[in-house]
>>> print(open('structure19.csv').read())   # CSV, C-alpha atoms
chain,number,residue,atom,x,y,z
J,890,MET,CA,20.3,-45.8,11.2
J,891,ALA,CA,22.1,-44.5,8.1
J,892,GLN,CA,24.5,-42.5,10.3
J,893,ALA,CA,27.8,-42.2,8.4
J,894,GLN,CA,28.4,-38.9,10.1
J,895,ALA,CA,27.7,-37.2,13.4
J,896,LEU,CA,24.0,-36.5,14.1
J,897,GLU,CA,24.7,-32.8,14.6
J,898,ARG,CA,25.8,-32.6,11.0
J,899,LEU,CA,23.5,-35.2,9.5
J,900,LEU,CA,20.1,-34.0,10.9
J,901,PRO,CA,20.5,-30.3,9.7
J,902,GLN,CA,21.7,-31.6,6.3
J,903,LEU,CA,18.7,-33.9,5.9
J,904,ALA,CA,16.1,-31.4,7.3
J,905,ASN,CA,17.3,-28.4,5.4
J,906,GLY,CA,17.2,-30.4,2.2
J,907,GLU,CA,13.5,-31.3,2.5
J,908,PRO,CA,11.4,-28.5,0.9
J,909,ALA,CA,8.1,-30.0,2.2
J,910,LEU,CA,9.4,-30.1,5.7
J,911,LEU,CA,10.7,-26.5,5.5
J,912,HIS,CA,7.3,-25.4,4.2
J,913,ARG,CA,5.5,-27.2,7.0
J,914,GLY,CA,7.7,-25.5,9.5
J,915,ARG,CA,7.6,-22.0,8.0
J,916,PHE,CA,6.0,-20.5,11.2
J,917,LEU,CA,8.2,-22.5,13.6
J,918,ASP,CA,10.9,-20.8,15.7
J,919,VAL,CA,12.0,-22.9,18.7
J,920,THR,CA,15.1,-24.3,20.4
J,921,PHE,CA,14.7,-27.8,21.8
J,922,LEU,CA,16.9,-30.3,23.5
J,923,LEU,CA,17.3,-33.8,22.0
J,924,LYS,CA,18.7,-36.4,24.4
J,925,ILE,CA,20.1,-39.6,23.0
J,926,GLY,CA,21.3,-41.6,26.0
J,927,PRO,CA,23.9,-39.4,27.7
J,928,SER,CA,24.4,-37.2,24.6
J,929,GLU,CA,22.5,-33.9,24.5
J,930,TYR,CA,21.9,-31.8,21.4
J,931,LEU,CA,20.6,-28.3,21.3
J,932,VAL,CA,18.6,-27.8,18.1
J,933,ARG,CA,17.8,-24.3,17.1
J,934,ILE,CA,15.0,-24.0,14.4
J,935,HIS,CA,14.2,-20.8,12.6
J,936,ARG,CA,11.3,-20.8,10.1
J,937,GLY,CA,11.5,-24.6,9.9
J,938,ARG,CA,15.3,-24.7,9.1
J,939,ILE,CA,17.8,-26.1,11.6
J,940,GLU,CA,20.0,-23.1,12.1
J,941,ALA,CA,22.2,-24.7,14.6
J,942,MET,CA,22.6,-28.1,16.2
J,943,GLN,CA,25.2,-28.3,19.0
J,944,ARG,CA,26.3,-31.4,20.8
J,945,GLY,CA,26.8,-30.9,24.6
J,946,PRO,CA,27.9,-30.7,27.2
J,947,HIS,CA,26.2,-27.4,27.5
J,948,VAL,CA,26.6,-24.7,30.1
J,949,GLN,CA,23.2,-23.2,31.1
J,950,PRO,CA,21.3,-24.5,28.0
J,951,ARG,CA,18.0,-22.7,27.3
J,952,TRP,CA,15.4,-24.7,25.5
J,953,THR,CA,11.6,-24.7,25.2
J,954,PHE,CA,11.1,-28.5,25.3
J,955,ALA,CA,13.2,-31.6,25.6
J,956,LEU,CA,12.8,-35.0,24.1
J,957,ALA,CA,14.8,-37.8,25.7
J,958,ALA,CA,15.2,-41.5,25.0
J,959,SER,CA,18.0,-44.1,25.4
J,960,ALA,CA,20.5,-44.6,22.6
J,961,ALA,CA,19.0,-48.0,22.1
J,962,ALA,CA,15.5,-46.6,21.8
J,963,TRP,CA,16.5,-44.1,19.1
J,964,ARG,CA,18.5,-46.8,17.3
J,965,THR,CA,15.4,-48.9,17.1
J,966,PHE,CA,13.3,-46.0,16.1
J,967,TRP,CA,15.7,-45.4,13.2
J,968,GLU,CA,15.5,-48.9,11.9
J,969,PRO,CA,14.0,-49.2,8.4
J,970,LEU,CA,11.0,-51.0,9.8
J,971,PRO,CA,10.9,-50.5,13.5
J,972,PRO,CA,8.9,-53.0,15.6
J,973,PRO,CA,5.5,-52.0,17.0
J,974,GLY,CA,5.6,-49.4,19.8
J,975,ALA,CA,9.1,-48.3,18.8
J,976,HIS,CA,8.0,-46.8,15.4
J,977,ASP,CA,6.4,-43.5,16.5
J,978,LEU,CA,7.2,-40.7,18.9
J,979,ILE,CA,3.7,-40.8,20.5
J,980,ALA,CA,3.9,-44.6,20.8
J,981,MET,CA,7.2,-44.2,22.5
J,982,LEU,CA,5.7,-41.6,24.9
J,983,LYS,CA,3.0,-44.2,25.7
J,984,THR,CA,5.5,-47.0,26.4
J,985,GLY,CA,7.7,-44.6,28.4
J,986,ALA,CA,10.7,-45.1,26.1
J,987,LEU,CA,10.5,-41.4,25.3
J,988,THR,CA,10.0,-38.5,27.6
J,989,LEU,CA,8.8,-35.0,26.7
J,990,GLU,CA,9.5,-32.1,29.1
J,991,GLY,CA,9.1,-28.4,29.2
J,992,ASP,CA,6.6,-26.3,27.2
J,993,GLN,CA,5.0,-28.8,24.9
J,994,HIS,CA,3.0,-26.3,22.8
J,995,PRO,CA,5.4,-25.9,19.9
J,996,PHE,CA,5.9,-29.7,19.8
J,997,MET,CA,2.2,-30.4,19.7
J,998,ALA,CA,1.2,-27.5,17.4
J,999,ASN,CA,3.9,-28.8,14.9
J,1000,LEU,CA,3.6,-32.5,15.7
J,1001,ARG,CA,3.8,-33.7,12.1
J,1002,TYR,CA,6.9,-31.5,11.6
J,1003,PHE,CA,8.7,-33.0,14.6
J,1004,LYS,CA,7.6,-36.6,13.8
J,1005,GLU,CA,9.0,-36.2,10.3
J,1006,LEU,CA,12.1,-34.3,11.4
J,1007,LEU,CA,13.1,-36.9,13.9
J,1008,ALA,CA,12.4,-39.8,11.5
J,1009,LEU,CA,14.7,-38.4,8.9
J,1010,PRO,CA,17.8,-40.5,10.0
J,1011,ARG,CA,15.6,-43.6,9.5
J,1012,ALA,CA,17.1,-45.8,6.7
J,1013,LYS,CA,14.7,-46.5,3.9
J,1014,PRO,CA,13.5,-50.2,3.7
J,1015,GLU,CA,15.3,-52.1,0.9
J,1016,GLY,CA,13.8,-51.6,-2.5
J,1017,GLN,CA,12.5,-48.1,-1.8
Z,1334,MET,CA,-18.0,-37.0,-31.3
Z,1335,THR,CA,-18.6,-40.2,-29.6
Z,1336,GLY,CA,-21.6,-41.2,-27.5
Z,1337,SER,CA,-22.3,-40.2,-23.9
Z,1338,PRO,CA,-19.4,-41.0,-21.6
Z,1339,ILE,CA,-19.8,-43.9,-19.2
Z,1340,PRO,CA,-19.0,-42.4,-15.8
Z,1341,ASN,CA,-16.5,-44.5,-13.8
Z,1342,PHE,CA,-18.7,-44.5,-10.6
Z,1343,GLU,CA,-17.8,-46.7,-7.7
Z,1344,ALA,CA,-20.4,-49.2,-6.4
Z,1345,ALA,CA,-21.4,-47.3,-3.3
Z,1346,ILE,CA,-24.6,-45.3,-3.1
Z,1347,GLY,CA,-24.9,-42.5,-0.5
Z,1348,ARG,CA,-28.1,-41.1,0.9
Z,1349,TYR,CA,-29.2,-39.0,3.9
Z,1350,LEU,CA,-31.3,-40.7,6.6
Z,1351,ARG,CA,-33.6,-38.6,8.8
Z,1352,LEU,CA,-33.6,-40.1,12.3
Z,1353,GLU,CA,-34.7,-39.1,15.7
Z,1354,LEU,CA,-32.1,-39.8,18.4
Z,1355,ASP,CA,-32.7,-38.8,22.1
Z,1356,GLY,CA,-35.6,-36.5,21.1
Z,1357,GLN,CA,-33.6,-34.6,18.5
Z,1358,GLN,CA,-33.8,-34.8,14.7
Z,1359,HIS,CA,-30.7,-35.9,13.0
Z,1360,ARG,CA,-29.5,-36.0,9.4
Z,1361,LEU,CA,-27.3,-39.0,8.9
Z,1362,TYR,CA,-25.2,-39.8,5.9
Z,1363,VAL,CA,-25.4,-43.5,5.0
Z,1364,GLU,CA,-23.5,-45.3,2.3
Z,1365,GLU,CA,-24.0,-48.8,1.1
Z,1366,ALA,CA,-23.0,-51.3,-1.6
Z,1367,GLY,CA,-23.7,-54.9,-2.3
Z,1368,ALA,CA,-26.6,-57.3,-1.5
Z,1369,GLY,CA,-27.2,-60.1,1.0
Z,1370,ILE,CA,-26.3,-60.2,4.7
Z,1371,ALA,CA,-26.3,-56.6,6.1
Z,1372,LEU,CA,-22.8,-55.7,7.4
Z,1373,ILE,CA,-23.0,-52.5,9.4
Z,1374,CYS,CA,-19.5,-50.8,9.6
Z,1375,LEU,CA,-18.7,-48.4,12.4
Z,1376,HIS,CA,-15.9,-46.0,11.9
Z,1377,THR,CA,-13.2,-44.9,14.4
Z,1378,ALA,CA,-13.2,-41.8,16.6
Z,1379,GLY,CA,-12.9,-38.6,14.7
Z,1380,SER,CA,-13.3,-40.1,11.3
Z,1381,ASP,CA,-16.1,-41.2,9.0
Z,1382,GLY,CA,-17.6,-44.0,6.9
Z,1383,ARG,CA,-15.1,-43.5,4.1
Z,1384,GLN,CA,-12.8,-45.8,6.1
Z,1385,PHE,CA,-14.8,-48.7,4.6
Z,1386,ARG,CA,-14.4,-47.6,1.0
Z,1387,ALA,CA,-12.4,-50.6,0.0
Z,1388,LEU,CA,-15.0,-53.0,1.4
Z,1389,MET,CA,-17.6,-51.4,-0.7
Z,1390,ASN,CA,-15.3,-51.6,-3.7
Z,1391,ASP,CA,-14.7,-55.3,-3.3
Z,1392,ALA,CA,-16.9,-57.2,-5.8
Z,1393,ALA,CA,-16.4,-60.5,-4.1
Z,1394,LEU,CA,-17.6,-59.1,-0.8
Z,1395,ARG,CA,-20.6,-57.3,-2.4
Z,1396,ARG,CA,-21.9,-60.6,-3.8
Z,1397,HIS,CA,-22.9,-61.9,-0.4
Z,1398,PHE,CA,-22.9,-58.8,1.8
Z,1399,ARG,CA,-24.7,-55.5,1.9
Z,1400,VAL,CA,-22.0,-53.3,3.2
Z,1401,ILE,CA,-23.4,-50.3,5.1
Z,1402,ALA,CA,-21.4,-47.5,6.7
Z,1403,PHE,CA,-23.0,-44.4,8.3
Z,1404,ASP,CA,-21.3,-41.3,9.6
Z,1405,LEU,CA,-22.1,-40.7,13.3
Z,1406,PRO,CA,-23.7,-37.4,14.0
Z,1407,TRP,CA,-21.1,-34.6,13.9
Z,1408,HIS,CA,-18.9,-36.8,11.6
Z,1409,GLY,CA,-18.3,-36.9,7.9
Z,1410,LYS,CA,-21.4,-35.7,6.0
Z,1411,SER,CA,-23.8,-36.2,8.9
Z,1412,SER,CA,-24.8,-32.9,10.5
Z,1413,PRO,CA,-24.5,-32.1,14.2
Z,1414,PRO,CA,-27.9,-31.6,15.8
Z,1415,GLU,CA,-29.5,-28.2,16.0
Z,1416,GLY,CA,-28.0,-26.2,18.8
Z,1417,TRP,CA,-24.6,-27.7,18.4
Z,1418,GLN,CA,-22.9,-24.3,18.5
Z,1419,ASP,CA,-23.4,-23.9,22.2
Z,1420,ARG,CA,-22.5,-27.5,23.2
Z,1421,GLU,CA,-19.4,-29.4,23.8
Z,1422,TYR,CA,-19.7,-32.6,21.9
Z,1423,ARG,CA,-19.3,-35.8,24.0
Z,1424,LEU,CA,-20.1,-39.2,22.8
Z,1425,THR,CA,-21.5,-41.8,25.3
Z,1426,SER,CA,-21.6,-45.5,24.9
Z,1427,ALA,CA,-25.4,-45.4,25.5
Z,1428,ALA,CA,-25.9,-42.8,22.7
Z,1429,TYR,CA,-23.7,-44.8,20.3
Z,1430,VAL,CA,-25.6,-48.1,21.0
Z,1431,LYS,CA,-28.9,-46.3,20.5
Z,1432,CYS,CA,-27.7,-44.8,17.2
Z,1433,VAL,CA,-26.6,-48.2,15.8
Z,1434,LEU,CA,-29.9,-49.8,16.7
Z,1435,ALA,CA,-31.9,-46.9,15.4
Z,1436,VAL,CA,-30.1,-47.1,12.0
Z,1437,ALA,CA,-30.7,-50.8,11.8
Z,1438,ASP,CA,-34.4,-50.3,12.7
Z,1439,ALA,CA,-34.9,-47.4,10.3
Z,1440,MET,CA,-33.3,-49.4,7.4
Z,1441,GLY,CA,-35.3,-52.6,8.4
Z,1442,LEU,CA,-32.1,-54.6,8.7
Z,1443,GLU,CA,-32.8,-58.2,9.8
Z,1444,LYS,CA,-30.0,-59.8,11.8
Z,1445,PRO,CA,-27.2,-57.7,10.5
Z,1446,VAL,CA,-23.5,-58.3,11.2
Z,1447,CYS,CA,-22.0,-55.3,13.0
Z,1448,MET,CA,-18.3,-54.6,12.6
Z,1449,GLY,CA,-16.8,-51.6,14.5
Z,1450,CYS,CA,-13.2,-50.3,14.8
Z,1451,SER,CA,-11.6,-48.7,17.8
Z,1452,ILE,CA,-14.5,-46.9,19.6
Z,1453,GLY,CA,-16.6,-48.9,17.2
Z,1454,GLY,CA,-14.8,-52.0,18.4
Z,1455,ARG,CA,-15.7,-51.0,22.0
Z,1456,ILE,CA,-19.3,-50.5,21.0
Z,1457,VAL,CA,-19.7,-54.0,19.6
Z,1458,LEU,CA,-18.9,-55.2,23.1
Z,1459,HIS,CA,-21.7,-53.0,24.4
Z,1460,LEU,CA,-24.0,-54.4,21.6
Z,1461,ALA,CA,-23.0,-57.9,22.6
Z,1462,LEU,CA,-24.2,-57.1,26.2
Z,1463,ALA,CA,-27.3,-55.0,25.3
Z,1464,ALA,CA,-28.8,-56.6,22.2
Z,1465,PRO,CA,-27.0,-59.8,21.2
Z,1466,GLN,CA,-30.3,-61.2,19.7
Z,1467,ARG,CA,-30.4,-58.4,17.2
Z,1468,PHE,CA,-27.2,-59.4,15.4
Z,1469,ARG,CA,-26.0,-62.4,13.4
Z,1470,ALA,CA,-22.4,-61.8,14.5
Z,1471,LEU,CA,-20.3,-59.0,15.9
Z,1472,ILE,CA,-16.8,-58.1,14.8
Z,1473,GLY,CA,-14.5,-55.9,16.9
Z,1474,LEU,CA,-11.6,-54.4,15.1
Z,1475,GLU,CA,-8.9,-52.9,17.5
Z,1476,SER,CA,-11.2,-53.8,20.3
Z,1477,ALA,CA,-10.4,-53.5,24.0
Z,1478,ALA,CA,-12.6,-53.4,27.1
Z,1479,HIS,CA,-11.0,-50.2,28.3
Z,1480,ALA,CA,-8.2,-47.9,27.4
Z,1481,GLU,CA,-5.9,-45.7,29.5
Z,1482,PRO,CA,-5.4,-42.1,28.2
Z,1483,TYR,CA,-1.8,-41.7,27.1
Z,1484,TYR,CA,-1.8,-38.0,26.1
Z,1485,ASP,CA,-3.7,-34.9,27.2
Z,1486,LEU,CA,-6.8,-34.8,25.0
Z,1487,ASP,CA,-7.1,-31.1,25.4
Z,1488,TRP,CA,-4.4,-30.7,22.7
Z,1489,LEU,CA,-7.0,-32.0,20.2
Z,1490,HIS,CA,-9.3,-29.0,20.7
Z,1491,ARG,CA,-7.9,-25.6,21.5
Z,1492,PRO,CA,-7.7,-22.4,19.3
Z,1493,ASP,CA,-3.9,-22.2,19.4
Z,1494,VAL,CA,-3.4,-25.6,17.8
Z,1495,HIS,CA,-4.8,-26.4,14.4
Z,1496,GLY,CA,-7.4,-29.2,15.0
Z,1497,GLY,CA,-7.0,-30.8,11.6
Z,1498,GLU,CA,-3.2,-30.8,11.8
Z,1499,ILE,CA,-3.0,-32.2,15.3
Z,1500,CYS,CA,-5.7,-34.9,14.8
Z,1501,GLY,CA,-3.9,-36.1,11.6
Z,1502,ALA,CA,-0.4,-36.0,13.2
Z,1503,MET,CA,-1.6,-37.6,16.4
Z,1504,ILE,CA,-3.0,-40.7,14.7
Z,1505,SER,CA,-0.4,-41.1,12.0
Z,1506,GLY,CA,1.7,-43.5,14.1
Z,1507,LEU,CA,-1.2,-45.7,14.7
Z,1508,ILE,CA,-0.9,-46.8,11.0
Z,1509,ALA,CA,1.6,-49.6,10.4
Z,1510,PRO,CA,4.9,-48.4,8.7
Z,1511,SER,CA,4.3,-50.8,5.8
Z,1512,ALA,CA,0.9,-49.3,4.8
Z,1513,PRO,CA,0.7,-48.1,1.2
Z,1514,ALA,CA,1.3,-44.4,1.0
Z,1515,ARG,CA,-2.0,-43.6,-0.8
Z,1516,GLU,CA,-4.1,-45.4,1.8
Z,1517,ARG,CA,-2.1,-44.1,4.7
Z,1518,TRP,CA,-2.6,-40.5,3.7
Z,1519,GLU,CA,-6.2,-41.0,2.8
Z,1520,THR,CA,-6.7,-42.3,6.3
Z,1521,ILE,CA,-4.9,-39.3,7.8
Z,1522,TRP,CA,-6.9,-36.9,5.6
Z,1523,HIS,CA,-10.2,-38.1,7.1
Z,1524,TYR,CA,-8.9,-37.1,10.5
Z,1525,MET,CA,-7.7,-33.8,9.3
Z,1526,GLN,CA,-11.3,-33.1,8.1
Z,1527,GLY,CA,-13.0,-33.7,11.4
Z,1528,GLY,CA,-15.0,-30.9,13.0
Z,1529,PRO,CA,-13.5,-29.0,16.0
Z,1530,GLY,CA,-13.6,-31.1,19.2
Z,1531,VAL,CA,-15.2,-34.1,17.5
Z,1532,PHE,CA,-12.2,-36.5,17.8
Z,1533,LYS,CA,-11.8,-35.5,21.4
Z,1534,GLY,CA,-15.5,-35.8,22.2
Z,1535,ASP,CA,-15.5,-39.4,20.8
Z,1536,LEU,CA,-12.6,-40.4,22.9
Z,1537,HIS,CA,-14.3,-39.1,26.0
Z,1538,PHE,CA,-16.3,-42.4,26.6
Z,1539,TYR,CA,-13.4,-44.5,25.3
Z,1540,PHE,CA,-10.8,-43.3,27.7
Z,1541,TYR,CA,-12.4,-41.7,30.7
Z,1542,THR,CA,-16.0,-42.5,31.6
Z,1543,GLU,CA,-17.1,-45.5,33.5
Z,1544,ASP,CA,-19.9,-46.0,31.1
Z,1545,GLY,CA,-17.4,-46.9,28.4
Z,1546,ASP,CA,-15.4,-49.4,30.5
Z,1547,VAL,CA,-16.9,-52.9,30.1
Z,1548,ARG,CA,-14.2,-54.9,32.0
Z,1549,GLY,CA,-16.5,-55.8,34.8
Z,1550,ARG,CA,-19.2,-57.2,32.5
Z,1551,LEU,CA,-17.2,-59.3,30.0
Z,1552,SER,CA,-18.3,-62.6,31.6
Z,1553,GLU,CA,-21.9,-61.7,30.7
Z,1554,ILE,CA,-21.2,-61.7,27.0
Z,1555,ASP,CA,-22.7,-64.8,25.5
Z,1556,THR,CA,-21.0,-65.8,22.2
Z,1557,ALA,CA,-23.5,-68.7,21.8
Z,1558,ALA,CA,-26.2,-66.1,21.4
Z,1559,CYS,CA,-24.1,-64.0,19.0
Z,1560,PRO,CA,-20.6,-64.9,17.8
Z,1561,LEU,CA,-17.9,-62.4,18.5
Z,1562,TYR,CA,-14.8,-62.0,16.4
Z,1563,LEU,CA,-11.8,-59.8,17.3
Z,1564,LEU,CA,-9.2,-58.6,14.9
Z,1565,THR,CA,-6.3,-56.4,16.1
Z,1566,GLY,CA,-3.3,-55.0,14.2
Z,1567,GLU,CA,0.1,-55.5,15.7
Z,1568,TYR,CA,1.1,-51.9,15.2
Z,1569,ASP,CA,-1.8,-50.5,17.2
Z,1570,TYR,CA,-0.4,-49.0,20.3
Z,1571,SER,CA,-3.8,-47.5,21.3
Z,1572,CYS,CA,-5.5,-50.9,21.5
Z,1573,THR,CA,-2.6,-53.3,21.6
Z,1574,PRO,CA,-2.7,-57.0,20.7
Z,1575,THR,CA,-2.1,-57.5,24.5
Z,1576,ASP,CA,-5.3,-55.6,25.2
Z,1577,SER,CA,-7.3,-57.7,22.8
Z,1578,ARG,CA,-5.7,-61.0,24.0
Z,1579,GLU,CA,-6.9,-60.1,27.5
Z,1580,LEU,CA,-10.3,-59.3,26.1
Z,1581,ALA,CA,-10.4,-62.7,24.3
Z,1582,ARG,CA,-9.2,-64.5,27.3
Z,1583,ARG,CA,-12.1,-63.1,29.4
Z,1584,ILE,CA,-14.9,-63.7,26.8
Z,1585,LYS,CA,-15.7,-67.4,26.4
Z,1586,GLY,CA,-15.9,-68.3,22.7
Z,1587,ALA,CA,-14.5,-65.0,21.4
Z,1588,LYS,CA,-12.2,-65.6,18.4
Z,1589,LEU,CA,-9.2,-63.3,18.2
Z,1590,THR,CA,-6.8,-62.8,15.2
Z,1591,VAL,CA,-3.8,-60.6,15.6
Z,1592,MET,CA,-3.1,-59.1,12.2
Z,1593,GLU,CA,0.6,-58.6,11.2
Z,1594,LYS,CA,1.7,-55.4,9.5
Z,1595,LEU,CA,-1.5,-53.6,10.3
Z,1596,GLY,CA,-2.3,-50.9,12.8
Z,1597,HIS,CA,-5.4,-49.1,14.3
Z,1598,PHE,CA,-7.2,-48.5,11.0
Z,1599,PRO,CA,-6.9,-51.9,9.1
Z,1600,MET,CA,-9.8,-51.4,6.7
Z,1601,SER,CA,-8.5,-48.0,5.6
Z,1602,GLU,CA,-4.7,-48.1,6.0
Z,1603,ASP,CA,-4.1,-51.3,4.1
Z,1604,PRO,CA,-7.4,-52.6,2.7
Z,1605,ALA,CA,-6.0,-55.4,0.6
Z,1606,LEU,CA,-4.1,-56.9,3.6
Z,1607,PHE,CA,-7.1,-56.4,5.9
Z,1608,LEU,CA,-9.4,-58.2,3.5
Z,1609,SER,CA,-7.1,-61.2,3.6
Z,1610,TYR,CA,-7.9,-61.4,7.4
Z,1611,LEU,CA,-11.6,-60.4,7.1
Z,1612,ARG,CA,-12.7,-62.8,4.3
Z,1613,PRO,CA,-12.4,-66.0,6.3
Z,1614,VAL,CA,-14.4,-64.4,9.2
Z,1615,LEU,CA,-17.1,-63.4,6.8
Z,1616,GLU,CA,-17.1,-66.8,5.2
Z,1617,GLU,CA,-17.6,-68.4,8.5
Z,1618,ILE,CA,-20.5,-66.1,9.4
Z,1619,ARG,CA,-22.1,-66.8,6.0
Z,1620,ALA,CA,-21.6,-70.6,6.3
Z,1621,ALA,CA,-23.3,-70.4,9.7
Z,1622,ALA,CA,-26.3,-68.6,8.1
Z,1623,GLY,CA,-26.8,-71.7,6.0
>>> encode(input="structure19.csv", output="structure tokens")
Amino acid sequence: MAQAQALERLLPQLANGEPALLHRGRFLDVTFLLKIGPSEYLVRIHRGRIEAMQRGPHVQPRWTFALAASAAAWRTFWEPLPPPGAHDLIAMLKTGALTLEGDQHPFMANLRYFKELLALPRAKPEGQ
Amino acid sequence: MTGSPIPNFEAAIGRYLRLELDGQQHRLYVEEAGAGIALICLHTAGSDGRQFRALMNDAALRRHFRVIAFDLPWHGKSSPPEGWQDREYRLTSAAYVKCVLAVADAMGLEKPVCMGCSIGGRIVLHLALAAPQRFRALIGLESAAHAEPYYDLDWLHRPDVHGGEICGAMISGLIAPSAPARERWETIWHYMQGGPGVFKGDLHFYFYTEDGDVRGRLSEIDTAACPLYLLTGEYDYSCTPTDSRELARRIKGAKLTVMEKLGHFPMSEDPALFLSYLRPVLEEIRAAAG
């Protein structure tokens, strides 16, 4: 993972600098919880932009859905060429490495958006 | 002013075949290229025969094989049957087997090879059980004897989720990360173009129904009567290499190749790499033909 800075700064910066992603998410308004091992991040999206991303601990967090995986699972997912089964959110749901809780509708209705959003910290393979 | 332009057509020719299936008239779109041993290609759930475009464009393959791909009813340029508007589409293994045999009969194909991917990879197992004498060889791509559902299929067909968007996004991870962008997105586009509920209806027999599960009958498959080849991509998490290894272990004589850097749509997501795995198989089949 190309994480030179904290994820709560990196992900909004990457997402809000991707015009195609913002266009894809133009009808999306949702707050979701991203769990990376023991760390929890509340991500508030408005019209496809990340308006706020706050690292926990949170008091009475409100969210529509939550995505959770171990720190090691996310690290592998963010490798330039992740191994089979660790390379895709749906694959990780199948293996049990990732869990999805809450109201899944916004996640499923915007599945490409969320797959691309959460893959943004992935380092590009060498030569690309 | 120069002479008439020479159109840069590809080799494939497409035609519509009128066919009766289960007492209903169908209009099936069939594409083919090449001459020699007939090679019937069966597309994956929710897609169509365009997945085999690279095979039809391969001059070396066309020299010895007549590559044929048809779109299942409801898919691609094949129409759904009359009355479709009041039915929920659900594919059964019996209907799929009948369709393959009916196309082979209608086109007068003698001892074709049949190669199917995913649900098509399952159907070649059914063909191996039901009609091995009809085929020169069978090739299962991403083939498993059964599959466990790993997401709620209802997401694929409901008015508050765009069918094309969800089908494309759902399958995108089944493509290996190393696949060339052009072929990756072409593969996804075919999924985005599927009719409402068609991908879900295809998966019905694949995931749920007992009629699709052939685990109990694998020992009946006679690879001496009809050779069976299995090729599975390492990035396929729907039919995993482990699933195909289990299948190969239980079918005496089945020949399995696990394909590195390929996923669930090898012929479409990275055709050049897939052909490097397919050519030796086709050469072996051709050598056996004498």
>>> interface_residues(input="structure19.csv", of="chain J", to="chain Z", cutoff="12 Å", atoms="all atoms listed in the file", output="count of residues only")
40
>>> atom_distance(input="structure19.csv", atom1="atom CA of J:Pro950", atom2="atom CA of J:Leu911")
25.0 Å
>>> residues_around(input="structure19.csv", residues="Z:Leu1551", least_positions_apart="6", cutoff="10 Å", atoms="all atoms listed in the file", output="list in words")
Leu1458, His1459, Ala1461, Leu1462, Ala1478, Leu1580, Ala1581, Arg1582, Arg1583, Ile1584 and Lys1585 of chain Z
>>> residues_around(input="structure19.csv", residues="J:Asp992", least_positions_apart="4", cutoff="10 Å", atoms="all atoms listed in the file", output="list in words")
Phe921, Trp952, Thr953, Phe954, Ala955, Phe996 and Met997 of chain J
>>> write_last_selection(input="structure19.csv", atoms="C-alpha atoms", output="PDB file, in the coordinates of the input")
ATOM      1  CA  PHE J 921      14.700 -27.800  21.800  1.00  0.00           C
ATOM      2  CA  TRP J 952      15.400 -24.700  25.500  1.00  0.00           C
ATOM      3  CA  THR J 953      11.600 -24.700  25.200  1.00  0.00           C
ATOM      4  CA  PHE J 954      11.100 -28.500  25.300  1.00  0.00           C
ATOM      5  CA  ALA J 955      13.200 -31.600  25.600  1.00  0.00           C
ATOM      6  CA  PHE J 996       5.900 -29.700  19.800  1.00  0.00           C
ATOM      7  CA  MET J 997       2.200 -30.400  19.700  1.00  0.00           C
TER       8      MET J 997
END
>>> atom_distance(input="structure19.csv", atom1="atom CA of Z:Ile1618", atom2="atom CA of Z:Cys1374")
15.3 Å
>>> residues_around(input="structure19.csv", residues="Z:Ile1401", least_positions_apart="3", cutoff="8 Å", atoms="only C-alpha atoms", output="ChimeraX atom specification")
/Z:1363-1366,1371-1374
>>> closest_residue(input="structure19.csv", among="J:Ala961, J:Leu1006, J:Val919, J:Ala1012", to="J:Gln902", atoms="all atoms listed in the file")
J:Leu1006
>>> residues_around(input="structure19.csv", residues="Z:Thr1590", least_positions_apart="2", cutoff="12 Å", atoms="only C-alpha atoms", output="list in words")
Ile1472, Gly1473, Leu1474, Glu1475, Ser1476, Leu1561, Tyr1562, Leu1563, Leu1564, Thr1565, Gly1566, Glu1567, Pro1574, Thr1575, Ser1577, Arg1578, Leu1580, Ala1581, Ala1587, Lys1588, Met1592, Glu1593, Leu1595, Phe1607, Ser1609, Tyr1610, Leu1611, Pro1613 and Val1614 of chain Z
>>> closest_residue(input="structure19.csv", among="Z:Cys1432, Z:Ala1345, Z:Ile1452, Z:Ala1378", to="Z:Gln1357", atoms="all atoms listed in the file")
Z:Cys1432
>>> build_atoms(input="structure19.csv", residues="stretch 1532-1538 of chain Z", atoms="N, CA and C atoms", output="PDB file, in the frame of the given file")
ATOM      1  N   PHE Z1532     -13.114 -35.401  17.475  1.00  0.00           N
ATOM      2  CA  PHE Z1532     -12.200 -36.500  17.800  1.00  0.00           C
ATOM      3  C   PHE Z1532     -12.125 -36.622  19.363  1.00  0.00           C
ATOM      4  N   LYS Z1533     -11.893 -35.491  19.982  1.00  0.00           N
ATOM      5  CA  LYS Z1533     -11.800 -35.500  21.400  1.00  0.00           C
ATOM      6  C   LYS Z1533     -13.082 -35.925  22.098  1.00  0.00           C
ATOM      7  N   GLY Z1534     -14.217 -35.453  21.574  1.00  0.00           N
ATOM      8  CA  GLY Z1534     -15.500 -35.800  22.200  1.00  0.00           C
ATOM      9  C   GLY Z1534     -15.802 -37.305  22.020  1.00  0.00           C
ATOM     10  N   ASP Z1535     -15.327 -37.921  20.939  1.00  0.00           N
ATOM     11  CA  ASP Z1535     -15.500 -39.400  20.800  1.00  0.00           C
ATOM     12  C   ASP Z1535     -14.671 -40.135  21.801  1.00  0.00           C
ATOM     13  N   LEU Z1536     -13.460 -39.629  22.046  1.00  0.00           N
ATOM     14  CA  LEU Z1536     -12.600 -40.400  22.900  1.00  0.00           C
ATOM     15  C   LEU Z1536     -12.983 -40.251  24.392  1.00  0.00           C
ATOM     16  N   HIS Z1537     -13.901 -39.333  24.653  1.00  0.00           N
ATOM     17  CA  HIS Z1537     -14.300 -39.100  26.000  1.00  0.00           C
ATOM     18  C   HIS Z1537     -14.815 -40.429  26.667  1.00  0.00           C
ATOM     19  N   PHE Z1538     -15.731 -41.120  25.972  1.00  0.00           N
ATOM     20  CA  PHE Z1538     -16.300 -42.400  26.600  1.00  0.00           C
ATOM     21  C   PHE Z1538     -15.236 -43.478  26.512  1.00  0.00           C
TER      22      PHE Z1538
END
